[in-house]
Amino acid sequence: MFENIGEIFLLFWRTLLALPFAWRQRRKVLDQFYEIGNASLLMVCVLSFFIGAVIALQTGPVLVERSLSNAVGGVVGIAIAKELAPVMMAILIAGRIGSAMAAEIGSMRVYQEIDALRTMNINPVHYLVLPRMLAITVALPMLVITAILVGWFGGAVVANYNAHMEIPFRAFYSDLRDIVELKDVANGVFKSFCFAIIIGAVSCHQGLNTIGGPRGIGRSVTKAVVNSIVCIVIFDYVLTRFLLK
């Protein structure tokens, strides 16, 4: 485990050192950004809408019964902006994009395409890892901002049309604006940036260390997704403690 952690940090450091070469790989960065961002947008909107709806449905009636209807918008807003949107979107991207990264790089490793790149004096970190890391660190925070806005809307719809709440849109967003601050949204976006680095580094590391043919590719994909989710949950606690100070 510690050996893998060290290799992941080393890969991340080598990617940072390769940043001056990012402009040469701009085409690959844009292709990866499209795959991560645009192709995931519909799933992000659907997932975040129903996350906001569920939070409003679970907390709204309880707060209304205790004469705290003016807190429903704030509770939904805080929960989505600071915690649910960054974590759930990171898990979604880890399952959809992290697995694809590990599979693509792993297949290149198994079929010796990475060795062919080295024989042509092409650094695999520059050519394979850097574009994916740059794309995911830009795309995931943008997806999280979209998820926050859509999640708020989903909560407002449920709060307005649920018979146990019947909180108008204007009142819901007024309460949300009074409680949720810009730093709360910034905290969620910062978390998503850190999660994007984790997903990219873990997935690319698993792909580069794939061995054993097609079965090895399957193992690498599984390890990439599971390890990414575990690291996301652990670092979520660490980042929350840090941001609460």
# chains A, B, ... in the order shown; residues from 1 in each chain; ligands from 1
>>> residues_around(residues="Ser203 of chain A", least_positions_apart="3", cutoff="8 Å", atoms="only C-alpha atoms", output="list of chain:residue names")
A:Gly98, A:Ser99, A:Met101, A:Ala102, A:Ile199, A:Gly200, A:Gln206, A:Gly207, A:Val221, A:Ala224, A:Val225, A:Ser228
>>> write_last_selection(atoms="N, CA, C and O atoms", output="short mmCIF file (atom, residue, chain, number, x, y, z; two decimals), in the first residue's frame")
data_model
loop_
_atom_site.label_atom_id
_atom_site.label_comp_id
_atom_site.auth_asym_id
_atom_site.auth_seq_id
_atom_site.Cartn_x
_atom_site.Cartn_y
_atom_site.Cartn_z
N GLY A 98 -12.37 7.72 -14.55
CA GLY A 98 -11.21 7.05 -13.98
C GLY A 98 -11.04 5.65 -14.53
O GLY A 98 -9.92 5.20 -14.85
N SER A 99 -12.15 4.93 -14.67
CA SER A 99 -12.07 3.59 -15.24
C SER A 99 -11.62 3.63 -16.70
O SER A 99 -10.85 2.77 -17.14
N MET A 101 -9.69 5.95 -18.08
CA MET A 101 -8.26 6.25 -18.08
C MET A 101 -7.43 5.00 -17.82
O MET A 101 -6.45 4.72 -18.53
N ALA A 102 -7.80 4.27 -16.77
CA ALA A 102 -7.05 3.06 -16.43
C ALA A 102 -7.11 2.03 -17.55
O ALA A 102 -6.10 1.38 -17.85
N ILE A 199 -8.23 11.40 -8.55
CA ILE A 199 -8.75 10.48 -9.57
C ILE A 199 -7.76 10.32 -10.71
O ILE A 199 -7.47 9.21 -11.16
N GLY A 200 -7.24 11.44 -11.21
CA GLY A 200 -6.30 11.38 -12.32
C GLY A 200 -5.03 10.63 -11.96
O GLY A 200 -4.57 9.77 -12.73
N GLN A 206 -2.56 3.27 -12.01
CA GLN A 206 -3.01 1.89 -12.20
C GLN A 206 -2.86 1.46 -13.65
O GLN A 206 -2.48 0.32 -13.93
N GLY A 207 -3.16 2.37 -14.57
CA GLY A 207 -2.99 2.03 -15.98
C GLY A 207 -1.55 1.76 -16.35
O GLY A 207 -1.25 0.79 -17.06
N VAL A 221 -8.66 -1.58 -13.79
CA VAL A 221 -9.85 -0.73 -13.80
C VAL A 221 -10.55 -0.81 -12.46
O VAL A 221 -10.95 0.22 -11.88
N ALA A 224 -8.51 1.02 -9.85
CA ALA A 224 -8.54 2.47 -10.06
C ALA A 224 -9.81 3.08 -9.48
O ALA A 224 -9.76 4.10 -8.78
N VAL A 225 -10.95 2.46 -9.75
CA VAL A 225 -12.23 3.00 -9.26
C VAL A 225 -12.32 2.88 -7.74
O VAL A 225 -12.65 3.85 -7.04
N SER A 228 -9.77 5.13 -5.94
CA SER A 228 -10.15 6.54 -6.08
C SER A 228 -11.27 6.90 -5.11
O SER A 228 -11.23 7.94 -4.43
#
>>> residues_around(residues="Ala159 of chain A", least_positions_apart="6", cutoff="12 Å", atoms="only C-alpha atoms", output="JSON, numbers by chain")
{"A": [52, 53, 54, 55, 56, 57, 58, 59, 60, 61, 63, 64, 69, 70, 71, 72, 73, 75, 76, 152, 153, 165, 166, 167, 168, 169, 170, 171, 172, 173]}
>>> residues_around(residues="segment 82-95 of chain A", least_positions_apart="5", cutoff="8 Å", atoms="only C-alpha atoms", output="VMD selection string")
chain A and resid 36 44 48 51 140 143 to 144 147 to 148 151 184 to 185 187 to 189 191 to 192 195 to 196 199 225 228 to 229 232 to 233 236
>>> write_last_selection(atoms="N, CA and C atoms", output="CSV table (one decimal), in the first residue's frame")
chain,number,residue,atom,x,y,z
A,36,ILE,N,-14.6,14.3,-20.7
A,36,ILE,CA,-14.9,14.4,-19.3
A,36,ILE,C,-16.1,15.3,-19.0
A,44,VAL,N,-24.6,14.4,-14.8
A,44,VAL,CA,-24.4,15.3,-13.7
A,44,VAL,C,-25.7,16.0,-13.3
A,48,SER,N,-27.6,15.4,-9.8
A,48,SER,CA,-27.6,16.5,-8.9
A,48,SER,C,-29.0,17.0,-8.6
A,51,ILE,N,-30.5,14.6,-6.2
A,51,ILE,CA,-29.8,14.7,-4.9
A,51,ILE,C,-30.4,15.9,-4.1
A,140,LEU,N,-13.8,18.8,-13.7
A,140,LEU,CA,-14.6,18.4,-12.5
A,140,LEU,C,-15.0,19.6,-11.7
A,143,LEU,N,-18.0,21.0,-13.5
A,143,LEU,CA,-19.2,20.1,-13.3
A,143,LEU,C,-19.8,20.2,-11.9
A,144,VAL,N,-19.0,20.5,-10.9
A,144,VAL,CA,-19.5,20.6,-9.6
A,144,VAL,C,-20.3,21.9,-9.5
A,147,ALA,N,-23.5,21.2,-10.9
A,147,ALA,CA,-24.2,20.3,-10.0
A,147,ALA,C,-24.8,21.1,-8.8
A,148,ILE,N,-24.1,22.0,-8.3
A,148,ILE,CA,-24.6,22.8,-7.2
A,148,ILE,C,-25.9,23.6,-7.6
A,151,GLY,N,-28.7,21.2,-8.3
A,151,GLY,CA,-29.2,20.6,-7.0
A,151,GLY,C,-30.0,21.6,-6.2
A,184,ASP,N,-18.7,29.0,1.0
A,184,ASP,CA,-19.3,27.7,1.0
A,184,ASP,C,-19.2,27.0,-0.4
A,185,VAL,N,-19.5,27.7,-1.4
A,185,VAL,CA,-19.4,27.2,-2.7
A,185,VAL,C,-18.0,27.1,-3.1
A,187,ASN,N,-15.5,26.4,-1.1
A,187,ASN,CA,-15.0,25.2,-0.5
A,187,ASN,C,-15.3,23.9,-1.3
A,188,GLY,N,-16.6,23.8,-1.8
A,188,GLY,CA,-16.9,22.7,-2.6
A,188,GLY,C,-16.1,22.6,-3.9
A,189,VAL,N,-15.9,23.7,-4.5
A,189,VAL,CA,-15.1,23.7,-5.7
A,189,VAL,C,-13.7,23.3,-5.5
A,191,LYS,N,-12.6,21.4,-3.0
A,191,LYS,CA,-12.6,20.0,-2.8
A,191,LYS,C,-12.6,19.2,-4.1
A,192,SER,N,-13.5,19.6,-5.0
A,192,SER,CA,-13.5,18.9,-6.3
A,192,SER,C,-12.2,19.0,-7.1
A,195,PHE,N,-10.1,16.4,-5.5
A,195,PHE,CA,-10.6,15.1,-5.9
A,195,PHE,C,-10.2,14.8,-7.3
A,196,ALA,N,-10.2,15.8,-8.2
A,196,ALA,CA,-9.8,15.5,-9.6
A,196,ALA,C,-8.3,15.1,-9.7
A,199,ILE,N,-8.2,11.4,-8.6
A,199,ILE,CA,-8.8,10.5,-9.6
A,199,ILE,C,-7.8,10.3,-10.7
A,225,VAL,N,-10.9,2.5,-9.7
A,225,VAL,CA,-12.2,3.0,-9.3
A,225,VAL,C,-12.3,2.9,-7.7
A,228,SER,N,-9.8,5.1,-5.9
A,228,SER,CA,-10.2,6.5,-6.1
A,228,SER,C,-11.3,6.9,-5.1
A,229,ILE,N,-12.3,6.0,-5.0
A,229,ILE,CA,-13.4,6.3,-4.1
A,229,ILE,C,-13.0,6.3,-2.7
A,232,ILE,N,-11.1,9.5,-2.1
A,232,ILE,CA,-12.0,10.6,-2.0
A,232,ILE,C,-12.7,10.8,-0.7
A,233,VAL,N,-13.2,9.7,-0.1
A,233,VAL,CA,-13.8,9.7,1.2
A,233,VAL,C,-12.9,10.1,2.3
A,236,ASP,N,-11.9,13.7,1.8
A,236,ASP,CA,-13.0,14.6,2.1
A,236,ASP,C,-13.0,15.0,3.6
>>> closest_atom_pairs(of="segment 75-168 of chain A", to="segment 28-32 of chain A", cutoff="8 Å", atoms="only C-alpha atoms", output="JSON lines")
{"residue": "A:Pro131", "atom": "CA", "partner": "A:Val29", "partner_atom": "CA", "distance": 4.5}
{"residue": "A:Arg132", "atom": "CA", "partner": "A:Gln32", "partner_atom": "CA", "distance": 6.1}
{"residue": "A:Leu134", "atom": "CA", "partner": "A:Val29", "partner_atom": "CA", "distance": 6.7}
{"residue": "A:Ala135", "atom": "CA", "partner": "A:Val29", "partner_atom": "CA", "distance": 5.6}
{"residue": "A:Ile136", "atom": "CA", "partner": "A:Gln32", "partner_atom": "CA", "distance": 7.8}
>>> residues_around(residues="Arg14 of chain A", least_positions_apart="3", cutoff="10 Å", atoms="only C-alpha atoms", output="list in words")
Ile8, Phe9, Leu10, Leu11, Leu17, Ala18, Leu19, Val125, His126, Val129 and Leu130 of chain A
>>> closest_residue(among="A:Phe12, A:Phe21, A:Tyr111, A:Phe2", to="Pro214 of chain A", atoms="only C-alpha atoms")
A:Tyr111
>>> atom_distance(atom1="atom CA of Gly37 of chain A", atom2="atom CA of Pro141 of chain A")
9.8 Å
>>> atom_distance(atom1="atom CA of Ile198 of chain A", atom2="atom CA of Leu244 of chain A")
21.2 Å
